[in-house]
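**Student:** There's a structure below that I have some questions on.
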Amino acid sequence: MKPRTVYEKAVQDFTETARKLARLNQHFRQASFAEFEMEFEMLMGFDEEVLKRYGLPKPMVERALLEVYQTVVLDQQR
């Protein structure tokens, strides 16, 4: 599905990356949201560059990460 908005594109990209990380890292698959967010941001090199790339404010990026966490981590735990 082609993303309609920049936010959807960010969620799509983050989800793809998180799924790759989850396949490689057992801890990542069982992380709390705080651990997930910290590890994801560290591995992705989250900084001003990522915010600039998508042009989204930090709260929207955090919301996108929460969506990704629910999709990748919580769905795997079920």
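The way I read the labels, and the way they are meant: chains A, B, ... in the order of the structure tokens, residue 1 as the first residue of every chain, and ligand 1 as the first ligand shown, with later ones counted on from there.
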At a cut-off of 10 Å, using only C-alpha atoms, what residues contact stretch 25-32 of chain A? Leave out same-chain residues fewer than 6 positions from it and give the result as a compact mmCIF listing (two decimals) with N, CA, C and O atoms, in the first residue's frame.
**Tutor:**
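Contents of the output file around00.txt:
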```
# COMPACT_ATOMS: atom_id res chain seq x y z
N ALA A 18 11.83 -1.90 12.24
CA ALA A 18 11.58 -2.59 13.50
C ALA A 18 11.41 -4.09 13.28
O ALA A 18 11.87 -4.90 14.10
N ARG A 19 10.76 -4.48 12.21
CA ARG A 19 10.59 -5.91 11.93
C ARG A 19 11.94 -6.57 11.67
O ARG A 19 12.18 -7.69 12.11
N MET A 38 13.84 3.56 23.11
CA MET A 38 15.24 3.92 23.32
C MET A 38 16.15 3.15 22.36
O MET A 38 17.01 3.72 21.71
N GLU A 39 15.93 1.85 22.26
CA GLU A 39 16.78 1.02 21.40
C GLU A 39 16.57 1.37 19.92
O GLU A 39 17.52 1.47 19.15
N PHE A 40 15.33 1.57 19.53
CA PHE A 40 15.03 1.91 18.14
C PHE A 40 15.68 3.24 17.77
O PHE A 40 16.30 3.36 16.72
N TYR A 69 5.49 0.02 17.60
CA TYR A 69 5.63 -0.88 18.76
C TYR A 69 4.43 -1.81 18.86
O TYR A 69 4.57 -3.02 19.04
N VAL A 72 4.66 -4.29 15.79
CA VAL A 72 5.78 -5.23 15.73
C VAL A 72 5.95 -6.04 17.01
O VAL A 72 6.05 -7.26 16.97
N VAL A 73 5.95 -5.38 18.15
CA VAL A 73 6.24 -6.08 19.41
C VAL A 73 5.00 -6.73 20.00
O VAL A 73 5.00 -7.93 20.28
N LEU A 74 3.96 -5.98 20.18
CA LEU A 74 2.76 -6.54 20.83
C LEU A 74 2.11 -7.62 19.99
O LEU A 74 1.64 -8.63 20.54
N ASP A 75 2.07 -7.46 18.68
CA ASP A 75 1.47 -8.49 17.83
C ASP A 75 2.28 -9.78 17.88
O ASP A 75 1.71 -10.86 17.77
N GLN A 76 3.58 -9.70 18.04
CA GLN A 76 4.42 -10.90 18.13
C GLN A 76 4.22 -11.62 19.45
O GLN A 76 4.40 -12.83 19.53
N GLN A 77 3.85 -10.88 20.49
CA GLN A 77 3.69 -11.49 21.80
C GLN A 77 2.36 -12.24 21.92
O GLN A 77 2.18 -13.03 22.82
```
**Student:** Please provide the set of residues having any atom within 12 Å of A:Glu16, restricted to only C-alpha atoms, with same-chain residues fewer than 4 positions apart removed, written as a VMD selection string.
**Tutor:** chain A and resid 9 to 12 20 to 23 40 44 65 68 to 69 71 to 72
**Student:** Kindly give the distance, in Å, that separates atom CA of A:Arg63 and atom CA of A:Glu37, rounded to a single decimal.
**Tutor:**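 About the pair atom CA of A:Arg63 and atom CA of A:Glu37: they are 10.7 Å apart.
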